[in-house]
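work-v6.pdb (PDB, C-alpha atoms)
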MODEL        1
ATOM      1  CA  MET A  10     116.234  78.813  73.468
ATOM      2  CA  HIS A  11     115.967  82.452  74.549
ATOM      3  CA  ARG A  12     118.141  84.529  72.206
ATOM      4  CA  ILE A  13     120.124  87.419  73.675
ATOM      5  CA  ALA A  14     121.969  89.931  71.489
ATOM      6  CA  VAL A  15     124.656  92.053  73.168
ATOM      7  CA  LEU A  16     125.341  95.269  71.252
ATOM      8  CA  ALA A  17     129.025  96.225  71.407
ATOM      9  CA  LEU A  18     129.615  99.949  70.878
ATOM     10  CA  GLU A  19     132.794 101.852  70.133
ATOM     11  CA  GLY A  20     134.685 102.418  73.404
ATOM     12  CA  VAL A  21     132.933  99.586  75.260
ATOM     13  CA  PRO A  22     134.555  98.499  78.565
ATOM     14  CA  PRO A  23     135.493  94.786  78.259
ATOM     15  CA  PHE A  24     134.209  93.869  81.720
ATOM     16  CA  GLU A  25     130.678  95.118  81.118
ATOM     17  CA  LEU A  26     130.655  93.689  77.606
ATOM     18  CA  GLY A  27     131.370  90.238  79.038
ATOM     19  CA  ILE A  28     128.739  90.329  81.801
ATOM     20  CA  PRO A  29     125.760  89.009  79.758
ATOM     21  CA  SER A  30     127.743  86.153  78.208
ATOM     22  CA  ARG A  31     129.166  85.129  81.562
ATOM     23  CA  VAL A  32     125.989  85.384  83.647
ATOM     24  CA  PHE A  33     123.411  84.103  81.138
ATOM     25  CA  GLY A  34     125.901  81.485  79.972
ATOM     26  CA  ASN A  35     125.834  79.992  83.471
ATOM     27  CA  ALA A  36     122.057  79.547  83.477
ATOM     28  CA  HIS A  37     121.132  75.888  82.954
ATOM     29  CA  ASP A  38     118.075  73.758  83.557
ATOM     30  CA  ASP A  39     118.067  70.799  85.937
ATOM     31  CA  ALA A  40     119.463  68.548  83.203
ATOM     32  CA  GLY A  41     122.378  70.924  82.578
ATOM     33  CA  ALA A  42     121.085  72.285  79.258
ATOM     34  CA  PRO A  43     121.755  75.982  78.558
ATOM     35  CA  LEU A  44     118.740  78.260  78.754
ATOM     36  CA  TYR A  45     120.090  81.214  76.764
ATOM     37  CA  GLU A  46     121.939  81.724  73.514
ATOM     38  CA  VAL A  47     124.097  84.865  73.720
ATOM     39  CA  THR A  48     125.465  86.597  70.620
ATOM     40  CA  VAL A  49     127.721  89.657  70.666
ATOM     41  CA  CYS A  50     127.122  91.929  67.698
ATOM     42  CA  THR A  51     127.705  95.458  66.440
ATOM     43  CA  ALA A  52     125.453  97.854  64.585
ATOM     44  CA  ASP A  53     127.239  97.163  61.289
ATOM     45  CA  GLY A  54     128.878  93.776  61.870
ATOM     46  CA  LEU A  55     132.366  95.340  61.992
ATOM     47  CA  PRO A  56     134.807  95.193  64.924
ATOM     48  CA  VAL A  57     134.887  97.973  67.536
ATOM     49  CA  THR A  58     137.690  99.193  69.773
ATOM     50  CA  SER A  59     137.255  98.700  73.508
ATOM     51  CA  ASP A  60     138.246 101.356  76.020
ATOM     52  CA  ALA A  61     141.137  99.047  76.962
ATOM     53  CA  GLY A  62     142.650  99.628  73.539
ATOM     54  CA  PHE A  63     142.133  96.240  71.909
ATOM     55  CA  THR A  64     139.790  95.398  69.070
ATOM     56  CA  VAL A  65     136.618  93.423  69.705
ATOM     57  CA  GLY A  66     135.660  91.130  66.848
ATOM     58  CA  VAL A  67     132.031  90.065  66.715
ATOM     59  CA  ALA A  68     130.067  87.211  65.221
ATOM     60  CA  ALA A  69     127.110  89.190  63.902
ATOM     61  CA  GLY A  70     125.671  92.516  62.849
ATOM     62  CA  PRO A  71     122.247  94.146  63.164
ATOM     63  CA  GLU A  72     120.494  90.954  62.077
ATOM     64  CA  ALA A  73     121.209  89.565  65.571
ATOM     65  CA  LEU A  74     119.329  92.482  67.101
ATOM     66  CA  ALA A  75     116.347  91.861  64.823
ATOM     67  CA  ALA A  76     116.207  88.162  65.792
ATOM     68  CA  ALA A  77     116.765  88.593  69.548
ATOM     69  CA  ASP A  78     114.287  88.048  72.353
ATOM     70  CA  THR A  79     116.396  90.295  74.603
ATOM     71  CA  VAL A  80     118.827  93.028  73.551
ATOM     72  CA  VAL A  81     121.497  94.128  76.043
ATOM     73  CA  ILE A  82     123.373  97.399  75.551
ATOM     74  CA  PRO A  83     126.573  97.620  77.624
ATOM     75  CA  PRO A  84     128.062 101.051  78.325
ATOM     76  CA  THR A  85     130.431 103.075  76.214
ATOM     77  CA  HIS A  86     132.821 105.808  77.269
ATOM     78  CA  ALA A  87     132.337 107.405  73.846
ATOM     79  CA  MET A  88     129.022 108.990  74.859
ATOM     80  CA  ASP A  89     129.944 112.672  75.074
ATOM     81  CA  ASP A  90     128.035 113.530  71.902
ATOM     82  CA  LEU A  91     124.837 111.897  73.195
ATOM     83  CA  ALA A  92     125.211 113.732  76.508
ATOM     84  CA  HIS A  93     125.282 117.017  74.605
ATOM     85  CA  GLY A  94     122.182 116.347  72.557
ATOM     86  CA  ALA A  95     123.636 114.748  69.428
ATOM     87  CA  PRO A  96     121.432 112.123  67.749
ATOM     88  CA  LEU A  97     122.435 108.502  67.335
ATOM     89  CA  SER A  98     124.584 107.781  64.316
ATOM     90  CA  PRO A  99     122.498 106.706  61.296
ATOM     91  CA  GLY A 100     123.856 103.154  61.455
ATOM     92  CA  LEU A 101     123.141 102.739  65.163
ATOM     93  CA  ALA A 102     119.711 104.343  64.838
ATOM     94  CA  ALA A 103     118.833 101.971  61.988
ATOM     95  CA  ALA A 104     120.047  98.936  63.946
ATOM     96  CA  ILE A 105     117.928  99.865  66.967
ATOM     97  CA  ALA A 106     114.925 100.640  64.766
ATOM     98  CA  GLY A 107     115.226  97.087  63.404
ATOM     99  CA  ILE A 108     114.610  95.517  66.805
ATOM    100  CA  ARG A 109     111.252  93.715  66.825
ATOM    101  CA  PRO A 110     108.436  95.252  68.881
ATOM    102  CA  GLY A 111     108.077  93.438  72.195
ATOM    103  CA  THR A 112     111.773  92.605  72.435
ATOM    104  CA  ARG A 113     113.074  93.048  75.977
ATOM    105  CA  LEU A 114     115.574  95.933  76.088
ATOM    106  CA  VAL A 115     118.283  96.054  78.753
ATOM    107  CA  SER A 116     121.007  98.620  79.392
ATOM    108  CA  ILE A 117     124.036  98.340  81.639
ATOM    109  CA  CYS A 118     125.448 101.537  83.154
ATOM    110  CA  THR A 119     125.686 104.283  80.489
ATOM    111  CA  GLY A 120     124.158 102.026  77.863
ATOM    112  CA  SER A 121     121.045 103.875  79.048
ATOM    113  CA  TYR A 122     122.238 106.883  77.000
ATOM    114  CA  VAL A 123     121.610 104.916  73.827
ATOM    115  CA  LEU A 124     118.085 103.937  74.856
ATOM    116  CA  ALA A 125     117.365 107.509  75.939
ATOM    117  CA  ALA A 126     118.755 109.021  72.733
ATOM    118  CA  ALA A 127     116.512 106.657  70.767
ATOM    119  CA  GLY A 128     113.499 107.984  72.688
ATOM    120  CA  LEU A 129     112.836 104.592  74.278
ATOM    121  CA  LEU A 130     112.994 105.907  77.852
ATOM    122  CA  ASP A 131     110.759 108.959  77.431
ATOM    123  CA  GLY A 132     108.265 109.103  80.280
ATOM    124  CA  ARG A 133     109.627 105.895  81.792
ATOM    125  CA  PRO A 134     111.545 105.191  85.014
ATOM    126  CA  ALA A 135     115.211 104.353  84.497
ATOM    127  CA  THR A 136     118.604 104.481  86.142
ATOM    128  CA  THR A 137     122.248 104.857  85.179
ATOM    129  CA  HIS A 138     125.581 105.177  86.981
ATOM    130  CA  TRP A 139     125.141 107.656  89.852
ATOM    131  CA  LEU A 140     128.224 109.606  88.753
ATOM    132  CA  HIS A 141     126.561 110.441  85.416
ATOM    133  CA  ALA A 142     123.078 111.036  86.814
ATOM    134  CA  PRO A 143     123.164 114.881  86.743
ATOM    135  CA  GLU A 144     124.504 114.902  83.180
ATOM    136  CA  PHE A 145     121.973 112.279  82.098
ATOM    137  CA  GLN A 146     119.064 114.214  83.609
ATOM    138  CA  ARG A 147     120.117 117.400  81.803
ATOM    139  CA  ALA A 148     120.455 115.580  78.492
ATOM    140  CA  PHE A 149     117.229 113.559  78.786
ATOM    141  CA  PRO A 150     114.758 115.475  80.979
ATOM    142  CA  ARG A 151     111.831 113.313  79.834
ATOM    143  CA  VAL A 152     113.281 110.245  81.557
ATOM    144  CA  ARG A 153     112.159 109.624  85.154
ATOM    145  CA  LEU A 154     115.650 108.975  86.483
ATOM    146  CA  ASP A 155     116.213 107.226  89.817
ATOM    147  CA  GLU A 156     119.901 107.371  90.674
ATOM    148  CA  GLU A 157     119.606 105.493  93.972
ATOM    149  CA  VAL A 158     118.655 102.011  92.744
ATOM    150  CA  LEU A 159     120.785  99.211  91.317
ATOM    151  CA  PHE A 160     118.344  98.599  88.487
ATOM    152  CA  VAL A 161     114.859  99.457  87.268
ATOM    153  CA  ASP A 162     112.384  96.961  85.823
ATOM    154  CA  ASP A 163     109.795  98.737  83.691
ATOM    155  CA  GLY A 164     108.470  95.642  81.973
ATOM    156  CA  ASP A 165     109.992  95.421  78.506
ATOM    157  CA  VAL A 166     112.714  97.988  79.271
ATOM    158  CA  LEU A 167     115.194  97.475  82.113
ATOM    159  CA  THR A 168     118.136  99.675  83.056
ATOM    160  CA  SER A 169     120.949  99.148  85.547
ATOM    161  CA  ALA A 170     123.487 101.246  87.394
ATOM    162  CA  GLY A 171     127.233 100.990  86.886
ATOM    163  CA  VAL A 172     129.487  98.002  86.367
ATOM    164  CA  ALA A 173     128.539  95.220  88.824
ATOM    165  CA  ALA A 174     124.901  96.332  88.838
ATOM    166  CA  GLY A 175     124.814  94.772  85.369
ATOM    167  CA  VAL A 176     125.474  91.427  87.064
ATOM    168  CA  ASP A 177     122.617  92.101  89.484
ATOM    169  CA  LEU A 178     120.238  92.855  86.629
ATOM    170  CA  CYS A 179     121.216  89.777  84.590
ATOM    171  CA  LEU A 180     120.692  87.533  87.622
ATOM    172  CA  TYR A 181     117.346  89.237  88.234
ATOM    173  CA  LEU A 182     116.289  88.471  84.657
ATOM    174  CA  ILE A 183     117.247  84.815  85.060
ATOM    175  CA  ARG A 184     115.199  84.713  88.236
ATOM    176  CA  GLN A 185     112.212  86.281  86.483
ATOM    177  CA  ASP A 186     112.535  83.861  83.557
ATOM    178  CA  HIS A 187     113.358  80.616  85.368
ATOM    179  CA  GLY A 188     113.066  81.036  89.127
ATOM    180  CA  THR A 189     115.279  81.322  92.176
ATOM    181  CA  ALA A 190     117.083  77.995  91.936
ATOM    182  CA  VAL A 191     118.417  78.616  88.414
ATOM    183  CA  ALA A 192     119.474  82.168  89.276
ATOM    184  CA  ASN A 193     121.187  81.034  92.459
ATOM    185  CA  ARG A 194     123.124  78.333  90.584
ATOM    186  CA  ALA A 195     124.262  80.919  88.038
ATOM    187  CA  ALA A 196     125.318  83.259  90.847
ATOM    188  CA  ARG A 197     127.335  80.536  92.555
ATOM    189  CA  LEU A 198     129.134  79.707  89.312
ATOM    190  CA  CYS A 199     129.939  83.405  88.893
ATOM    191  CA  VAL A 200     130.988  83.602  92.573
ATOM    192  CA  VAL A 201     128.699  86.568  93.227
ATOM    193  CA  PRO A 202     125.750  87.081  95.593
ATOM    194  CA  PRO A 203     122.404  86.217  93.987
ATOM    195  CA  TRP A 204     120.886  89.398  95.402
ATOM    196  CA  ARG A 205     122.425  92.551  96.856
ATOM    197  CA  ASP A 206     120.636  94.575  99.504
ATOM    198  CA  GLY A 207     119.930  98.242  98.949
ATOM    199  CA  GLY A 208     120.738 100.363  95.943
ATOM    200  CA  GLN A 209     123.233 102.887  94.646
ATOM    201  CA  ALA A 210     122.533 105.082  97.646
ATOM    202  CA  GLN A 211     125.040 103.012  99.582
ATOM    203  CA  TYR A 212     127.748 103.877  97.019
ATOM    204  CA  ILE A 213     127.189 107.584  96.424
ATOM    205  CA  ASP A 214     130.026 109.540  97.987
ATOM    206  CA  ARG A 215     129.925 107.609 101.229
ATOM    207  CA  PRO A 216     133.199 107.403 103.197
ATOM    208  CA  VAL A 217     134.155 103.891 104.271
ATOM    209  CA  PRO A 218     133.538 103.645 108.041
ATOM    210  CA  GLU A 219     136.529 103.215 110.274
ATOM    211  CA  PRO A 220     136.844  99.679 111.699
ATOM    212  CA  THR A 221     136.088 101.078 115.181
ATOM    213  CA  VAL A 222     132.710 102.446 114.086
ATOM    214  CA  ALA A 223     129.786 100.168 114.885
ATOM    215  CA  THR A 224     127.806  98.873 111.908
ATOM    216  CA  THR A 225     124.432  97.197 111.492
ATOM    217  CA  THR A 226     125.846  94.089 109.789
ATOM    218  CA  ALA A 227     125.568  91.781 112.787
ATOM    219  CA  THR A 228     122.044  92.984 113.521
ATOM    220  CA  ARG A 229     120.953  92.294 109.953
ATOM    221  CA  ALA A 230     122.328  88.756 110.247
ATOM    222  CA  TRP A 231     120.501  88.368 113.576
ATOM    223  CA  ALA A 232     117.231  89.548 112.011
ATOM    224  CA  LEU A 233     117.549  87.162 109.063
ATOM    225  CA  GLU A 234     117.492  84.242 111.508
ATOM    226  CA  ARG A 235     114.210  85.520 112.996
ATOM    227  CA  LEU A 236     112.118  86.570 110.030
ATOM    228  CA  SER A 237     109.192  84.429 111.178
ATOM    229  CA  GLU A 238     108.980  86.451 114.414
ATOM    230  CA  PRO A 239     107.715  90.016 114.921
ATOM    231  CA  ILE A 240     110.773  92.285 114.990
ATOM    232  CA  ALA A 241     110.318  95.817 116.291
ATOM    233  CA  LEU A 242     112.598  98.652 115.286
ATOM    234  CA  ALA A 243     113.517  99.147 118.939
ATOM    235  CA  GLU A 244     114.659  95.510 119.141
ATOM    236  CA  LEU A 245     116.974  96.020 116.181
ATOM    237  CA  ALA A 246     118.448  99.154 117.720
ATOM    238  CA  ASP A 247     118.906  97.401 121.075
ATOM    239  CA  HIS A 248     120.694  94.484 119.407
ATOM    240  CA  ALA A 249     123.031  96.923 117.636
ATOM    241  CA  ARG A 250     123.541  98.776 120.950
ATOM    242  CA  MET A 251     122.601 102.076 119.375
ATOM    243  CA  SER A 252     119.945 104.666 119.981
ATOM    244  CA  LEU A 253     116.918 104.375 117.728
ATOM    245  CA  ARG A 254     117.870 107.520 115.834
ATOM    246  CA  THR A 255     121.513 106.515 115.335
ATOM    247  CA  PHE A 256     120.580 102.989 114.259
ATOM    248  CA  THR A 257     118.011 104.199 111.719
ATOM    249  CA  ARG A 258     120.446 106.715 110.224
ATOM    250  CA  ARG A 259     123.361 104.282 110.072
ATOM    251  CA  PHE A 260     121.179 101.508 108.654
ATOM    252  CA  ARG A 261     120.005 103.753 105.806
ATOM    253  CA  ASP A 262     123.586 104.890 105.119
ATOM    254  CA  GLU A 263     124.797 101.281 104.877
ATOM    255  CA  VAL A 264     121.871  99.597 103.146
ATOM    256  CA  GLY A 265     120.151 102.365 101.215
ATOM    257  CA  MET A 266     116.697 101.797 102.752
ATOM    258  CA  THR A 267     114.998 101.959 106.146
ATOM    259  CA  PRO A 268     115.072  98.960 108.506
ATOM    260  CA  VAL A 269     111.346  98.400 107.981
ATOM    261  CA  GLN A 270     111.725  98.459 104.202
ATOM    262  CA  TRP A 271     114.673  96.067 104.425
ATOM    263  CA  LEU A 272     112.747  93.626 106.625
ATOM    264  CA  THR A 273     109.870  93.617 104.152
ATOM    265  CA  VAL A 274     112.243  92.913 101.246
ATOM    266  CA  GLN A 275     113.882  90.030 103.137
ATOM    267  CA  ARG A 276     110.515  88.555 104.082
ATOM    268  CA  LEU A 277     109.332  88.770 100.492
ATOM    269  CA  GLU A 278     112.491  86.991  99.342
ATOM    270  CA  LEU A 279     111.895  84.210 101.876
ATOM    271  CA  ALA A 280     108.232  83.934 100.865
ATOM    272  CA  ARG A 281     109.155  83.685  97.180
ATOM    273  CA  HIS A 282     111.683  80.977  97.974
ATOM    274  CA  LEU A 283     109.126  78.999  99.984
ATOM    275  CA  LEU A 284     106.478  79.349  97.271
ATOM    276  CA  GLU A 285     108.934  78.008  94.705
ATOM    277  CA  SER A 286     110.590  75.271  96.736
ATOM    278  CA  SER A 287     107.945  73.924  99.131
ATOM    279  CA  ASP A 288     104.362  72.692  99.179
ATOM    280  CA  LEU A 289     103.420  74.839 102.178
ATOM    281  CA  SER A 290     100.068  76.599 102.016
ATOM    282  CA  VAL A 291      99.998  80.349 101.462
ATOM    283  CA  ASP A 292      99.075  80.887 105.119
ATOM    284  CA  LEU A 293     102.037  78.814 106.321
ATOM    285  CA  VAL A 294     104.376  80.569 103.905
ATOM    286  CA  ALA A 295     103.129  83.884 105.288
ATOM    287  CA  HIS A 296     103.756  82.683 108.854
ATOM    288  CA  ARG A 297     107.268  81.373 108.099
ATOM    289  CA  ALA A 298     108.159  84.631 106.339
ATOM    290  CA  GLY A 299     106.886  86.812 109.156
ATOM    291  CA  PHE A 300     103.842  88.337 107.471
ATOM    292  CA  GLY A 301     101.436  86.921 110.043
ATOM    293  CA  SER A 302      98.606  86.084 107.681
ATOM    294  CA  GLY A 303      97.975  85.052 104.118
ATOM    295  CA  ASN A 304      96.125  88.319 103.491
ATOM    296  CA  SER A 305      99.144  90.342 104.584
ATOM    297  CA  LEU A 306     101.419  88.329 102.270
ATOM    298  CA  ARG A 307      98.981  88.797  99.382
ATOM    299  CA  GLN A 308      98.912  92.555  99.903
ATOM    300  CA  HIS A 309     102.706  92.838 100.072
ATOM    301  CA  MET A 310     103.245  90.664  96.990
ATOM    302  CA  ARG A 311     100.696  92.598  94.979
ATOM    303  CA  THR A 312     102.286  95.898  96.011
ATOM    304  CA  ALA A 313     105.883  94.810  95.387
ATOM    305  CA  LEU A 314     105.490  92.325  92.527
ATOM    306  CA  GLY A 315     102.029  92.929  91.114
ATOM    307  CA  ILE A 316     101.099  89.280  91.559
ATOM    308  CA  SER A 317      99.381  87.043  94.131
ATOM    309  CA  PRO A 318     101.174  84.164  95.919
ATOM    310  CA  ILE A 319      99.119  81.565  94.035
ATOM    311  CA  ALA A 320      99.822  83.200  90.673
ATOM    312  CA  TYR A 321     103.528  83.420  91.557
ATOM    313  CA  ARG A 322     103.613  79.724  92.474
ATOM    314  CA  ARG A 323     101.711  78.873  89.280
ATOM    315  CA  THR A 324     104.438  80.617  87.289
ATOM    316  CA  PHE A 325     107.364  78.851  88.915
ATOM    317  CA  ARG A 326     105.820  75.565  90.079
ATOM    318  CA  PRO A 327     102.778  74.964  87.865
ATOM    319  CA  ALA A 328     102.250  71.329  88.870
ATOM    320  CA  LEU A 329     102.250  72.180  92.570
ATOM    321  CA  ALA A 330      99.905  75.142  92.053
ATOM    322  CA  GLU A 331      97.417  72.914  90.250
ATOM    323  CA  ALA A 332      97.583  70.368  93.052
TER     324      ALA A 332
ENDMDL
END

Please rewrite the model in this file as structure tokens.
Amino acid sequence: MHRIAVLALEGVPPFELGIPSRVFGNAHDDAGAPLYEVTVCTADGLPVTSDAGFTVGVAAGPEALAAADTVVIPPTHAMDDLAHGAPLSPGLAAAIAGIRPGTRLVSICTGSYVLAAAGLLDGRPATTHWLHAPEFQRAFPRVRLDEEVLFVDDGDVLTSAGVAAGVDLCLYLIRQDHGTAVANRAARLCVVPPWRDGGQAQYIDRPVPEPTVATTTATRAWALERLSEPIALAELADHARMSLRTFTRRFRDEVGMTPVQWLTVQRLELARHLLESSDLSVDLVAHRAGFGSGNSLRQHMRTALGISPIAYRRTFRPALAEA
């Protein structure tokens, strides 16, 4: 059983605090057995007060952090001191120092302040809520902050943007640990999409378009039905009945990436699904996903995921890979 410790801090928002328990708690194997054990703890084992004004009682103290395979740090609105250069409190610093080397560290929203203040993000890519990005960058200049993504996976340290991006990151971790099918089941039980397109760029100070303004939504749905076919940028613009320039600009505004980047992401998602759920050869998977050849799929998977199609299948369907 993979043990997850969720560190509740003073001023924690209840919604974000409950995300790990809710999402990981809905991850089960094919027989219905839970795959994660989630424990909410504090740095000293004592209750904390949420930003909603009620007290949060916990089942454990820092010993849960020391025993965990994954530690999740939800945000806190009581972070002003950290933003102005104050060190972690002695109790919190000691609790974090007690985490075993190799433990996977995860922050949700401004939980990244705690990791940064502990020096665990120095020189590493990370993200946080876009609204706090300028303040975060001033406070922690050694962190390679990317404010436009929903989450960052840097191996043993993962950080997410605000609020619902914590759901995205937890589902991503389930997918990495146990594959698409388990993550999709968990997403359905939580009534959330298993994967959201784009990043924070689509949320940063963007006015909501008027209903009369054309969007690229229908064209994206059209493209998803034709991933196995070559799709030119001009075809997408024609389908949306926009000029190439207008379509490209509006697509980036809505999705947070270029149409070509988005198509590649969707094709990779389809290829991963086929590698996990079918016995198709790598060449056929590449054809179905629109990459044209097995070599093209291999190059894209190595660039995006750092792994070959065969190695990916071996991870998620070992018996099939051996066959």

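If you look at atom CA of A:Leu159 and atom CA of A:Ala174, they are 5.6 Å away from each other.
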
May I have the residues at most 12 Å from (113.4, 96.0, 115.3) in the file's coordinates, counting all atoms listed in the file, as a PDB file with C-alpha atoms, in the frame of the given file?
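result_9.pdb written:
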ATOM      1  CA  THR A 225     124.432  97.197 111.492  1.00  0.00           C
ATOM      2  CA  THR A 228     122.044  92.984 113.521  1.00  0.00           C
ATOM      3  CA  ARG A 229     120.953  92.294 109.953  1.00  0.00           C
ATOM      4  CA  TRP A 231     120.501  88.368 113.576  1.00  0.00           C
ATOM      5  CA  ALA A 232     117.231  89.548 112.011  1.00  0.00           C
ATOM      6  CA  LEU A 233     117.549  87.162 109.063  1.00  0.00           C
ATOM      7  CA  ARG A 235     114.210  85.520 112.996  1.00  0.00           C
ATOM      8  CA  LEU A 236     112.118  86.570 110.030  1.00  0.00           C
ATOM      9  CA  GLU A 238     108.980  86.451 114.414  1.00  0.00           C
ATOM     10  CA  PRO A 239     107.715  90.016 114.921  1.00  0.00           C
ATOM     11  CA  ILE A 240     110.773  92.285 114.990  1.00  0.00           C
ATOM     12  CA  ALA A 241     110.318  95.817 116.291  1.00  0.00           C
ATOM     13  CA  LEU A 242     112.598  98.652 115.286  1.00  0.00           C
ATOM     14  CA  ALA A 243     113.517  99.147 118.939  1.00  0.00           C
ATOM     15  CA  GLU A 244     114.659  95.510 119.141  1.00  0.00           C
ATOM     16  CA  LEU A 245     116.974  96.020 116.181  1.00  0.00           C
ATOM     17  CA  ALA A 246     118.448  99.154 117.720  1.00  0.00           C
ATOM     18  CA  ASP A 247     118.906  97.401 121.075  1.00  0.00           C
ATOM     19  CA  HIS A 248     120.694  94.484 119.407  1.00  0.00           C
ATOM     20  CA  ALA A 249     123.031  96.923 117.636  1.00  0.00           C
ATOM     21  CA  ARG A 250     123.541  98.776 120.950  1.00  0.00           C
ATOM     22  CA  MET A 251     122.601 102.076 119.375  1.00  0.00           C
ATOM     23  CA  SER A 252     119.945 104.666 119.981  1.00  0.00           C
ATOM     24  CA  LEU A 253     116.918 104.375 117.728  1.00  0.00           C
ATOM     25  CA  PHE A 256     120.580 102.989 114.259  1.00  0.00           C
ATOM     26  CA  THR A 257     118.011 104.199 111.719  1.00  0.00           C
ATOM     27  CA  PHE A 260     121.179 101.508 108.654  1.00  0.00           C
ATOM     28  CA  THR A 267     114.998 101.959 106.146  1.00  0.00           C
ATOM     29  CA  PRO A 268     115.072  98.960 108.506  1.00  0.00           C
ATOM     30  CA  VAL A 269     111.346  98.400 107.981  1.00  0.00           C
ATOM     31  CA  GLN A 270     111.725  98.459 104.202  1.00  0.00           C
ATOM     32  CA  TRP A 271     114.673  96.067 104.425  1.00  0.00           C
ATOM     33  CA  LEU A 272     112.747  93.626 106.625  1.00  0.00           C
ATOM     34  CA  THR A 273     109.870  93.617 104.152  1.00  0.00           C
TER      35      THR A 273
END

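Take atom CA of A:Pro110 and atom CA of A:Asp90: the distance between them is 27.0 Å.
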
Check your understanding: Applied to this file, what does the PyMOL selection byres ((chain A and resi 296-312) around 8) return in terms of residues, put as a ChimeraX atom specification?
Key -> /A:236-239,276-277,279-280,291-295,313-318

**Study point:** Selection near stretch 120-127 of chain A, 10 Å with all atoms listed in the file, sequence-local residues under 6 positions removed, as a ChimeraX atom specification
**Key:** /A:16-18,21,81-86,88-89,91-92,94-97,101-102,105-106,114,133,135-138,145,148-152,166-171

Preceding selection exported with C-alpha atoms as a compact mmCIF listing (two decimals), keeping the file's coordinate frame:
# COMPACT_ATOMS: atom_id res chain seq x y z
CA LEU A 16 125.34 95.27 71.25
CA ALA A 17 129.02 96.22 71.41
CA LEU A 18 129.62 99.95 70.88
CA VAL A 21 132.93 99.59 75.26
CA VAL A 81 121.50 94.13 76.04
CA ILE A 82 123.37 97.40 75.55
CA PRO A 83 126.57 97.62 77.62
CA PRO A 84 128.06 101.05 78.32
CA THR A 85 130.43 103.08 76.21
CA HIS A 86 132.82 105.81 77.27
CA MET A 88 129.02 108.99 74.86
CA ASP A 89 129.94 112.67 75.07
CA LEU A 91 124.84 111.90 73.19
CA ALA A 92 125.21 113.73 76.51
CA GLY A 94 122.18 116.35 72.56
CA ALA A 95 123.64 114.75 69.43
CA PRO A 96 121.43 112.12 67.75
CA LEU A 97 122.44 108.50 67.33
CA LEU A 101 123.14 102.74 65.16
CA ALA A 102 119.71 104.34 64.84
CA ILE A 105 117.93 99.86 66.97
CA ALA A 106 114.92 100.64 64.77
CA LEU A 114 115.57 95.93 76.09
CA ARG A 133 109.63 105.90 81.79
CA ALA A 135 115.21 104.35 84.50
CA THR A 136 118.60 104.48 86.14
CA THR A 137 122.25 104.86 85.18
CA HIS A 138 125.58 105.18 86.98
CA PHE A 145 121.97 112.28 82.10
CA ALA A 148 120.46 115.58 78.49
CA PHE A 149 117.23 113.56 78.79
CA PRO A 150 114.76 115.48 80.98
CA ARG A 151 111.83 113.31 79.83
CA VAL A 152 113.28 110.24 81.56
CA VAL A 166 112.71 97.99 79.27
CA LEU A 167 115.19 97.48 82.11
CA THR A 168 118.14 99.68 83.06
CA SER A 169 120.95 99.15 85.55
CA ALA A 170 123.49 101.25 87.39
CA GLY A 171 127.23 100.99 86.89

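Interatomic distance, atom CA of A:Phe63 against atom CA of A:Gly27: 14.2 Å.
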
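The residue that comes closest to A:Arg197, out of A:Val32, A:Val158, A:Ala320, A:Met10 and on the basis of only C-alpha atoms, is A:Val32.
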
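Candidate residues A:Arg184, A:His11, A:Arg194, A:Arg109 were compared for distance to A:Gly41, and the nearest is A:Arg194, using all atoms listed in the file.
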
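Nearest to A:Pro202 of all the residues A:Tyr181, A:Glu25, A:Phe325, A:Gly188 is A:Tyr181, based on only C-alpha atoms.
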
For the file shown, what are the residues hit by the PyMOL selection byres ((chain A and resi 203) around 8), laid out as a tab-separated table (two decimals) with C-alpha atoms, in the coordinates of the input?
chain	number	residue	atom	x	y	z
A	177	ASP	CA	122.62	92.10	89.48
A	180	LEU	CA	120.69	87.53	87.62
A	192	ALA	CA	119.47	82.17	89.28
A	193	ASN	CA	121.19	81.03	92.46
A	196	ALA	CA	125.32	83.26	90.85
A	197	ARG	CA	127.34	80.54	92.56
A	201	VAL	CA	128.70	86.57	93.23
A	202	PRO	CA	125.75	87.08	95.59
A	204	TRP	CA	120.89	89.40	95.40
A	205	ARG	CA	122.42	92.55	96.86

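Distances from A:Arg12, A:Ala104, A:Asp78, A:Val172 to A:Ile28 were compared using only C-alpha atoms, and the smallest one belongs to A:Val172.
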
Study note, to complete from the structure: Using all atoms listed in the file, the best pick from A:Leu44, A:Ala230, A:Leu154, A:Leu26 as closest to A:Val57 would be A:Leu26

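The residue that comes closest to A:Phe160, out of A:Ile183, A:Ala61, A:Leu129, A:Ile117 and on the basis of all atoms listed in the file, is A:Ile117.
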
I'd like the box whose edges run along x, y and z of the file and which contains every listed atom of stretch 118-133 of chain A, padded by 5 Å per side; could you state its centre and edge lengths in Å, one decimal, as JSON?
{"center_x": 117.0, "center_y": 105.3, "center_z": 77.0, "size_x": 27.4, "size_y": 17.6, "size_z": 22.4}

Point to revise | Explicit residue set for the PyMOL selection byres ((chain A and resi 53) around 12), as a PyMOL selection string | key: chain A and resi 16-19+50-52+54-57+66-74+98-105
